[in-house]
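Colleague: My structure file upload-v3.txt, compact mmCIF, C-alpha atoms, is below:
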# COMPACT_ATOMS: atom_id res chain seq x y z
CA ARG A 51 -3.13 -13.62 -46.81
CA ARG A 52 -0.04 -11.94 -48.17
CA ARG A 53 2.46 -10.79 -45.55
CA GLY A 54 1.64 -7.22 -44.57
CA GLY A 55 -1.87 -7.46 -45.94
CA GLY A 56 -5.09 -6.75 -44.06
CA ARG A 57 -6.30 -3.70 -42.22
CA LYS A 58 -3.59 -1.47 -40.78
CA ARG A 59 -3.38 -0.79 -37.07
CA VAL A 60 -5.08 2.39 -35.98
CA THR A 61 -1.79 3.74 -34.61
CA GLU A 62 -0.31 3.42 -38.13
CA THR A 63 -3.20 5.11 -39.89
CA ASP A 64 -3.44 7.78 -37.18
CA PRO A 65 0.09 8.58 -35.93
CA GLY A 66 -1.18 11.29 -33.57
CA LEU A 67 -3.56 8.99 -31.69
CA ARG A 68 -1.07 7.75 -29.11
CA GLN A 69 0.10 11.23 -28.13
CA ALA A 70 -3.46 12.51 -27.97
CA LEU A 71 -4.38 9.66 -25.62
CA LEU A 72 -1.35 10.23 -23.37
CA ALA A 73 -2.23 13.91 -23.14
CA LEU A 74 -5.63 12.98 -21.74
CA VAL A 75 -4.41 10.55 -19.10
CA GLU A 76 -1.40 12.51 -17.88
CA PRO A 77 -1.55 13.84 -14.32
CA ALA A 78 -3.46 17.09 -14.02
CA PRO A 79 -0.49 19.47 -13.71
CA ARG A 80 0.93 18.23 -17.03
CA GLY A 81 -2.31 17.57 -18.85
CA ASP A 82 -4.59 19.96 -20.65
CA PRO A 83 -6.42 22.03 -17.98
CA MET A 84 -9.24 22.68 -20.43
CA SER A 85 -9.80 19.01 -21.25
CA PRO A 86 -13.41 17.85 -20.74
CA LEU A 87 -11.99 14.87 -18.84
CA ARG A 88 -10.22 17.08 -16.30
CA TRP A 89 -12.96 16.62 -13.69
CA THR A 90 -14.52 13.27 -14.57
CA THR A 91 -13.74 9.55 -14.48
CA LYS A 92 -11.31 8.61 -17.21
CA SER A 93 -12.96 5.39 -18.33
CA THR A 94 -11.95 3.87 -21.66
CA ARG A 95 -15.38 4.72 -23.11
CA LYS A 96 -15.10 8.38 -22.16
CA LEU A 97 -11.56 8.50 -23.45
CA ALA A 98 -12.70 7.01 -26.75
CA VAL A 99 -15.53 9.55 -27.08
CA THR A 100 -13.16 12.44 -26.36
CA LEU A 101 -10.53 11.19 -28.82
CA THR A 102 -13.17 10.75 -31.51
CA ALA A 103 -14.35 14.33 -30.95
CA GLN A 104 -10.74 15.46 -31.37
CA GLY A 105 -10.52 13.79 -34.77
CA HIS A 106 -9.09 10.44 -33.70
CA PRO A 107 -11.92 7.91 -34.19
CA VAL A 108 -11.24 4.95 -31.91
CA GLY A 109 -13.10 2.40 -29.76
CA ALA A 110 -12.91 1.68 -26.04
CA ASP A 111 -11.15 -1.68 -26.52
CA THR A 112 -8.40 -0.06 -28.58
CA VAL A 113 -7.96 2.62 -25.93
CA ALA A 114 -7.54 -0.10 -23.27
CA ASN A 115 -4.92 -1.90 -25.40
CA LEU A 116 -2.97 1.31 -25.99
CA LEU A 117 -2.97 2.16 -22.28
CA GLN A 118 -1.62 -1.28 -21.39
CA GLN A 119 1.10 -0.92 -24.02
CA GLU A 120 2.12 2.38 -22.40
CA GLY A 121 2.37 0.79 -18.93
CA PHE A 122 -0.92 2.04 -17.50
CA SER A 123 -3.18 -0.03 -15.23
CA LEU A 124 -6.24 0.51 -13.05
CA GLN A 125 -5.06 1.70 -9.64
CA GLY A 126 -6.59 3.13 -6.49
CA ASN A 127 -5.17 5.73 -4.13
CA ALA A 128 -2.10 4.93 -2.05
CA LYS A 129 -2.08 6.20 1.54
CA THR A 130 1.55 7.29 1.75
CA LEU A 131 1.42 11.04 2.40
CA GLU A 132 1.78 11.59 6.14
CA GLY A 133 1.82 15.37 6.16
CA LYS A 134 4.30 17.28 8.28
CA GLN A 135 6.83 14.96 9.90
CA ASN A 136 8.39 15.51 13.30
CA PRO A 137 12.17 15.96 12.94
CA ASP A 138 12.72 13.40 15.72
CA ARG A 139 10.51 10.78 14.10
CA ASP A 140 13.24 8.37 12.99
CA ALA A 141 15.20 8.77 16.21
CA GLN A 142 12.06 7.94 18.21
CA PHE A 143 11.54 4.82 16.10
CA ARG A 144 15.08 3.71 16.93
CA TYR A 145 14.65 4.48 20.63
CA LEU A 146 11.32 2.62 20.77
CA ASN A 147 12.83 -0.37 18.97
CA ALA A 148 15.74 -0.44 21.42
CA GLN A 149 13.32 -0.42 24.36
CA VAL A 150 11.36 -3.32 22.86
CA LYS A 151 14.50 -5.40 22.33
CA GLU A 152 15.80 -4.64 25.82
CA HIS A 153 12.54 -5.69 27.49
CA GLN A 154 12.19 -8.83 25.38
CA ALA A 155 15.79 -9.84 26.06
CA ASP A 156 14.95 -9.65 29.78
CA ALA A 157 11.79 -11.77 29.25
CA GLN A 158 9.56 -8.83 30.18
CA PRO A 159 6.16 -8.37 28.49
CA VAL A 160 5.85 -5.94 25.58
CA VAL A 161 2.40 -5.01 24.28
CA SER A 162 1.05 -2.77 21.55
CA VAL A 163 -2.26 -1.04 22.35
CA ASP A 164 -4.86 1.02 20.54
CA THR A 165 -8.59 1.51 20.06
CA LYS A 166 -10.08 0.03 16.91
CA LYS A 167 -12.66 2.01 14.98
CA LYS A 168 -16.08 2.19 16.63
CA GLU A 169 -18.64 -0.07 15.00
CA GLN A 170 -22.42 0.27 14.83
CA LEU A 171 -24.43 -2.71 15.96
CA GLY A 172 -27.34 -3.80 13.79
CA GLU A 173 -28.17 -5.03 10.31
CA PHE A 174 -25.87 -2.55 8.61
CA ALA A 175 -23.80 -3.05 5.47
CA ASN A 176 -20.19 -4.03 6.11
CA SER A 177 -17.58 -3.58 3.40
CA GLY A 178 -16.16 -6.70 1.76
CA ARG A 179 -17.67 -9.88 0.33
CA GLU A 180 -18.30 -13.45 1.49
CA TRP A 181 -19.25 -16.61 -0.39
CA HIS A 182 -23.02 -17.16 -0.53
CA PRO A 183 -25.35 -19.05 -2.87
CA ALA A 184 -25.80 -17.11 -6.09
CA GLY A 185 -28.56 -14.54 -5.88
CA GLN A 186 -28.86 -14.80 -2.09
CA PRO A 187 -26.88 -11.90 -0.57
CA VAL A 188 -27.22 -11.03 3.10
CA GLU A 189 -29.95 -8.42 3.36
CA VAL A 190 -29.12 -5.29 5.37
CA ASN A 191 -30.70 -1.92 6.07
CA THR A 192 -30.81 0.55 3.22
CA HIS A 193 -29.60 3.34 5.53
CA ASP A 194 -26.92 3.48 8.20
CA PHE A 195 -28.86 5.49 10.75
CA PRO A 196 -27.60 4.54 14.26
CA ASP A 197 -29.68 2.11 16.26
CA ASN A 198 -30.16 3.80 19.65
CA THR A 199 -31.18 0.51 21.22
CA LEU A 200 -28.15 -1.53 20.16
CA GLY A 201 -25.69 1.38 20.14
CA LYS A 202 -22.03 1.02 19.20
CA VAL A 203 -19.07 -1.02 20.37
CA VAL A 204 -15.56 0.22 21.13
CA PRO A 205 -12.93 -2.54 20.68
CA TYR A 206 -9.73 -1.79 22.62
CA GLY A 207 -6.91 -4.14 21.71
CA ILE A 208 -3.77 -5.36 23.46
CA TYR A 209 -1.32 -7.23 21.23
CA ASP A 210 1.51 -9.26 22.81
CA LEU A 211 4.45 -8.92 20.43
CA ALA A 212 6.40 -11.96 21.67
CA ALA A 213 3.48 -14.39 22.02
CA ASN A 214 1.63 -13.22 18.88
CA THR A 215 -1.64 -13.10 20.80
CA GLY A 216 -4.37 -10.51 20.87
CA TRP A 217 -6.75 -9.53 23.67
CA VAL A 218 -9.70 -7.27 22.82
CA ASN A 219 -11.91 -5.57 25.37
CA VAL A 220 -15.18 -4.69 23.63
CA GLY A 221 -16.67 -1.69 25.40
CA THR A 222 -20.18 -0.31 25.07
CA ASP A 223 -19.58 3.19 26.45
CA HIS A 224 -17.02 5.92 25.71
CA ASP A 225 -13.42 5.51 24.61
CA THR A 226 -11.68 7.15 27.57
CA ALA A 227 -8.32 6.77 29.28
CA THR A 228 -10.04 4.95 32.14
CA PHE A 229 -11.47 2.43 29.66
CA ALA A 230 -8.05 1.99 28.00
CA VAL A 231 -6.28 1.24 31.30
CA GLU A 232 -9.14 -0.99 32.46
CA SER A 233 -8.61 -2.99 29.27
CA LEU A 234 -4.94 -3.39 30.17
CA ARG A 235 -5.90 -4.39 33.71
CA ARG A 236 -8.26 -7.09 32.44
CA TRP A 237 -5.60 -8.37 30.03
CA TRP A 238 -3.02 -8.59 32.81
CA ASN A 239 -5.34 -10.33 35.25
CA THR A 240 -6.65 -12.89 32.75
CA ALA A 241 -3.68 -13.49 30.43
CA GLY A 242 -0.58 -11.42 31.14
CA ARG A 243 0.07 -12.52 34.71
CA ALA A 244 -0.07 -16.21 33.76
CA ALA A 245 2.12 -15.72 30.66
CA TYR A 246 4.75 -13.68 32.56
CA PRO A 247 4.72 -14.90 36.20
CA HIS A 248 8.14 -13.36 36.93
CA ALA A 249 7.53 -10.02 35.23
CA ARG A 250 8.81 -6.91 36.96
CA ARG A 251 8.27 -4.46 34.10
CA LEU A 252 5.79 -3.87 31.30
CA LEU A 253 6.47 -1.96 28.09
CA ILE A 254 3.52 -0.41 26.22
CA THR A 255 3.83 0.98 22.70
CA ALA A 256 1.00 3.33 21.77
CA ASP A 257 0.20 6.02 19.24
CA ALA A 258 0.39 9.69 20.12
CA GLY A 259 -3.31 10.56 20.39
CA GLY A 260 -6.67 9.32 21.55
CA SER A 261 -7.46 7.79 24.92
CA ASN A 262 -3.83 6.61 25.29
CA GLY A 263 -2.20 9.76 23.95
CA TYR A 264 0.95 11.23 25.47
CA ARG A 265 -0.86 14.47 26.33
CA THR A 266 -3.73 12.72 28.15
CA ARG A 267 -3.37 13.27 31.88
CA ALA A 268 -5.94 10.66 32.83
CA TRP A 269 -3.95 8.03 30.88
CA LYS A 270 -0.86 8.58 33.03
CA THR A 271 -2.89 8.80 36.25
CA GLU A 272 -4.72 5.53 35.58
CA LEU A 273 -1.46 3.81 34.59
CA ALA A 274 0.08 4.90 37.90
CA ALA A 275 -2.79 3.19 39.72
CA LEU A 276 -2.32 0.05 37.57
CA ALA A 277 1.41 0.00 38.33
CA LEU A 278 0.68 0.15 42.06
CA GLN A 279 -1.90 -2.65 41.80
CA THR A 280 0.27 -5.00 39.72
CA GLY A 281 3.68 -4.16 41.16
CA LEU A 282 5.00 -3.55 37.66
CA ALA A 283 7.09 -0.65 36.48
CA ILE A 284 5.11 0.42 33.41
CA THR A 285 7.05 2.08 30.60
CA VAL A 286 5.21 3.76 27.73
CA CYS A 287 6.81 4.62 24.39
CA HIS A 288 4.62 6.60 22.00
CA PHE A 289 4.90 6.65 18.25
CA PRO A 290 5.47 10.17 16.91
CA PRO A 291 2.37 12.10 15.80
CA GLY A 292 1.10 11.00 12.40
CA THR A 293 2.71 7.54 12.51
CA SER A 294 0.06 5.46 14.29
CA LYS A 295 -0.13 2.99 11.39
CA TRP A 296 3.38 1.83 12.29
CA ASN A 297 2.09 0.51 15.61
CA ALA A 298 2.25 -3.30 15.51
CA ILE A 299 -1.35 -3.78 16.62
CA GLU A 300 -2.62 -2.12 13.46
CA HIS A 301 -1.16 -4.60 10.98
CA ARG A 302 -0.81 -7.67 13.21
CA LEU A 303 -4.23 -7.68 14.88
CA PHE A 304 -6.75 -5.07 13.75
CA SER A 305 -6.26 -5.67 10.03
CA HIS A 306 -6.96 -9.39 10.48
CA ILE A 307 -10.09 -8.70 12.54
CA THR A 308 -11.36 -6.41 9.79
CA MET A 309 -10.71 -9.08 7.17
CA ASN A 310 -12.43 -11.72 9.30
CA TRP A 311 -15.73 -9.83 9.58
CA ARG A 312 -15.78 -8.39 6.05
CA GLY A 313 -19.17 -8.57 4.40
CA ARG A 314 -20.81 -9.60 7.68
CA PRO A 315 -23.31 -7.34 9.49
CA LEU A 316 -22.34 -6.84 13.14
CA ALA A 317 -25.85 -7.52 14.37
CA SER A 318 -25.15 -8.07 18.08
CA HIS A 319 -22.50 -8.16 20.79
CA GLU A 320 -22.24 -11.92 20.36
CA VAL A 321 -21.45 -11.57 16.66
CA VAL A 322 -18.69 -9.06 17.42
CA LEU A 323 -17.16 -11.15 20.23
CA ARG A 324 -17.27 -14.45 18.36
CA THR A 325 -15.91 -12.98 15.15
CA ILE A 326 -13.01 -11.31 16.94
CA ALA A 327 -12.22 -14.49 18.91
CA ALA A 328 -12.27 -16.56 15.71
CA THR A 329 -9.58 -14.42 14.05
CA THR A 330 -6.47 -16.43 13.23
CA THR A 331 -3.53 -16.25 10.82
CA ARG A 332 -1.15 -18.74 9.27
CA THR A 333 1.59 -17.38 11.55
CA GLY A 334 -0.30 -18.57 14.64
CA LEU A 335 -2.21 -15.51 15.85
CA THR A 336 -4.86 -16.23 18.48
CA VAL A 337 -7.30 -13.67 19.87
CA HIS A 338 -9.40 -13.49 23.03
CA SER A 339 -12.33 -11.08 23.37
CA GLU A 340 -14.53 -10.00 26.25
CA LEU A 341 -17.52 -7.68 26.63
CA ASP A 342 -17.14 -4.67 28.90
CA THR A 343 -20.47 -3.06 29.81
CA GLY A 344 -18.93 -0.67 32.33
CA SER A 345 -19.57 3.06 32.34
CA TYR A 346 -16.69 5.36 31.42
CA PRO A 347 -17.90 8.96 31.58
CA LEU A 348 -16.20 11.77 29.72
CA GLY A 349 -14.76 14.93 31.22
CA THR A 350 -12.41 13.56 33.90
CA THR A 351 -10.19 16.40 35.15
CA ILE A 352 -6.70 15.84 36.54
CA SER A 353 -5.23 18.78 38.43
CA ASP A 354 -1.65 20.03 38.25
CA GLN A 355 -1.10 18.85 41.82
CA GLN A 356 -2.22 15.31 40.96
CA MET A 357 0.17 15.27 38.03
CA ALA A 358 3.01 16.52 40.22
CA GLU A 359 2.39 13.67 42.68
CA LEU A 360 2.62 10.89 40.08
CA PRO A 361 5.56 8.46 40.56
CA ILE A 362 6.74 9.04 36.99
CA THR A 363 10.21 9.17 35.50
CA ARG A 364 10.57 10.84 32.13
CA HIS A 365 13.29 9.36 29.96
CA HIS A 366 16.29 11.40 28.86
CA TRP A 367 15.11 11.14 25.25
CA HIS A 368 11.79 12.90 24.60
CA GLY A 369 10.36 12.56 28.08
CA ASP A 370 6.97 13.56 26.71
CA TRP A 371 6.90 10.43 24.52
CA ASN A 372 8.86 8.04 26.76
CA TYR A 373 8.23 7.67 30.48
CA THR A 374 7.99 5.07 33.26
CA LEU A 375 5.37 4.89 36.01
CA HIS A 376 6.64 3.17 39.16
CA PRO A 377 4.61 0.95 41.55
CA GLU A 378 4.72 3.51 44.33
CA GLN A 379 2.25 5.62 46.24
CA PRO A 380 1.89 9.13 44.80
CA ALA A 381 4.27 11.57 46.44
CA ALA A 382 2.46 13.83 48.89
CA THR A 383 3.03 17.46 48.04
CA THR A 384 2.58 20.22 50.59
CA PRO A 385 -0.40 22.28 49.59
CA ALA A 386 0.09 26.03 49.39
CA PRO A 387 -1.35 27.89 52.41
CA PRO A 388 -4.68 29.53 51.69
CA SER A 389 -4.39 33.18 50.91
CA THR A 390 -5.96 35.63 53.38
CA PRO A 391 -8.86 37.38 51.71
CA ALA A 392 -8.47 41.12 51.46
CA ALA A 393 -10.71 43.26 53.64
CA PRO A 394 -13.63 44.63 51.71
CA SER A 395 -13.33 48.22 50.62
CA HIS A 396 -15.86 50.71 51.93
CA SER A 397 -14.74 53.62 49.79
CA TRP A 398 -18.01 53.54 47.93
CA LEU A 399 -19.77 54.67 51.10
CA PHE A 400 -18.08 58.09 51.10
Represent the structure contained in this file as C-alpha cells.
Modeller:
Amino acid sequence: RRRGGGRKRVTETDPGLRQALLALVEPAPRGDPMSPLRWTTKSTRKLAVTLTAQGHPVGADTVANLLQQEGFSLQGNAKTLEGKQNPDRDAQFRYLNAQVKEHQADAQPVVSVDTKKKEQLGEFANSGREWHPAGQPVEVNTHDFPDNTLGKVVPYGIYDLAANTGWVNVGTDHDTATFAVESLRRWWNTAGRAAYPHARRLLITADAGGSNGYRTRAWKTELAALALQTGLAITVCHFPPGTSKWNAIEHRLFSHITMNWRGRPLASHEVVLRTIAATTTRTGLTVHSELDTGSYPLGTTISDQQMAELPITRHHWHGDWNYTLHPEQPAATTPAPPSTPAAPSHSWLF
C-alpha cells in the first residue's frame, strides 16, 4: 500500500472527538454538569454511545485507546482524606517515635495494640479469591444474616515491634477495656515475660478510640491493675485522633491476617484460630492465637474518686495522650464527710 494510504484515523477525520471525550471524563467540577454521564459509570461503551449521540461516531475500543493515550487508567478510590487534623498531630508522632526508640534502646518491650474488625462465624462470603478447581467455588450462604448460635469473634492483637511477632486474643463477647487489658495480660504471661525476663517497663502504642482509647477510664484502671500484677511501669502513647492507620499493628499484622483468610469462610472458632496462627511473611512474622470465651459485660462505671486514686503520671507533652501507670497500690483519698440532711420543713402544715 502506498505510504499514507488506507483509512484515516478517527481523530484525523473528526478533530473534535478528543476534546469531546475529555470533556466527558473530566472531574465533575470541570465537566459538563448536564452531561448524561454525570451520575453513571463511565464505561467505554457508555462513553462511545454518548459521543455518537453528540455527533462523534466512535466505538468502545477506540475510546479505550484514546483514554490510554491521554494518560487515563482504571483506578479505584484512594483513602487519603483524613478530615480535620489535630494541630499537634506531627509533634505527637515525633514524641511517640522518641518514646519507642528510648524503650528499645533500653531493651524494654514495645507493643502496638488494637482490636481487629469483628467477624461473623458461619458459611458467609469473605472478600478475596483462592485457587480452586475450575467451576468448583466454595459455596456460602446467599445472605449475611448473623448466626445467633455461632455468633461473632473479636480479635484483639498485640504486635511486638522488636521481635516482629503477633499475639491475637480471639474473644467471643464484647470489645471492652477489660477484654483489651486481659489480652495484654495473657500476652505477657505466655510470651512477653519469657521474651523480656529483665523488663522493668512496657510501652504500648494505641489509637485514640475504642476499648483502648485515651478517654476510656476503664482502660486506665485495668492497666493500673496490670502494672501492679506484673511489676512493670506501663507507658501508653496514643496516636492522634483520625490517625489509627499509622499504628504499626494495622499494616504489620492485621493486613497480613486479612490477606491470609481472603476468600475463606470463617466457619468456626478453629478456622479463625488456625488461620491467624498460620499467618507469616517473608520478613519473618510469626503469630500466636488463643480463644478467649470469657464474659466482658458492657457498662462498667469508674468514679472520679477511683480515677483520682490511680498511680498515674501524665507526661509533660499532651498528658491526655501520653501517660505512665506505676506498679503501686492506688493512693487512698480521704472521702468527703457526709452532709447532714436538712430538717424537713413543716411550713405546709400552717
Colleague: Give me the residues within 7 Å of Glu169 in chain A as a JSON list (two decimals) with C-alpha atoms, in the coordinates of the input, counting all atoms listed in the file and dropping any in the same chain fewer than 2 places off.
Modeller:
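As written to disk, selection17.json reads:
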[["chain", "number", "residue", "atom", "x", "y", "z"],
["A", 167, "LYS", "CA", -12.66, 2.01, 14.98],
["A", 171, "LEU", "CA", -24.43, -2.71, 15.96],
["A", 202, "LYS", "CA", -22.03, 1.02, 19.20],
["A", 203, "VAL", "CA", -19.07, -1.02, 20.37],
["A", 204, "VAL", "CA", -15.56, 0.22, 21.13]]
Colleague: Determine, counting all atoms listed in the file, which protein, DNA and RNA residues have an atom within 8 Å of an atom of Arg265 in chain A; residues of the same chain fewer than 6 positions away are not included. Present the result as a ChimeraX atom specification.
Modeller: /A:258-259,370
Colleague: Between A:Val99, A:Val108, A:Leu316, A:Ala358, which one has atoms that come closest to Val188 in chain A, using all atoms listed in the file?
Modeller: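 Smallest separation from Val188 in chain A among the options: A:Leu316.
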Colleague: Could you check which of A:Trp311, A:Phe289, A:Trp269, A:Phe229 is closest to Pro347 in chain A, using only C-alpha atoms?
Modeller: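 Once distances to Pro347 in chain A are computed over only C-alpha atoms, the minimum belongs to A:Phe229.
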Colleague: Between A:Arg267, A:Arg59, A:Arg179, A:Arg52, single out the one closest to Arg312 in chain A, counting only C-alpha atoms.
Modeller: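 Answer, going by the shortest atom-to-atom distance: A:Arg179.
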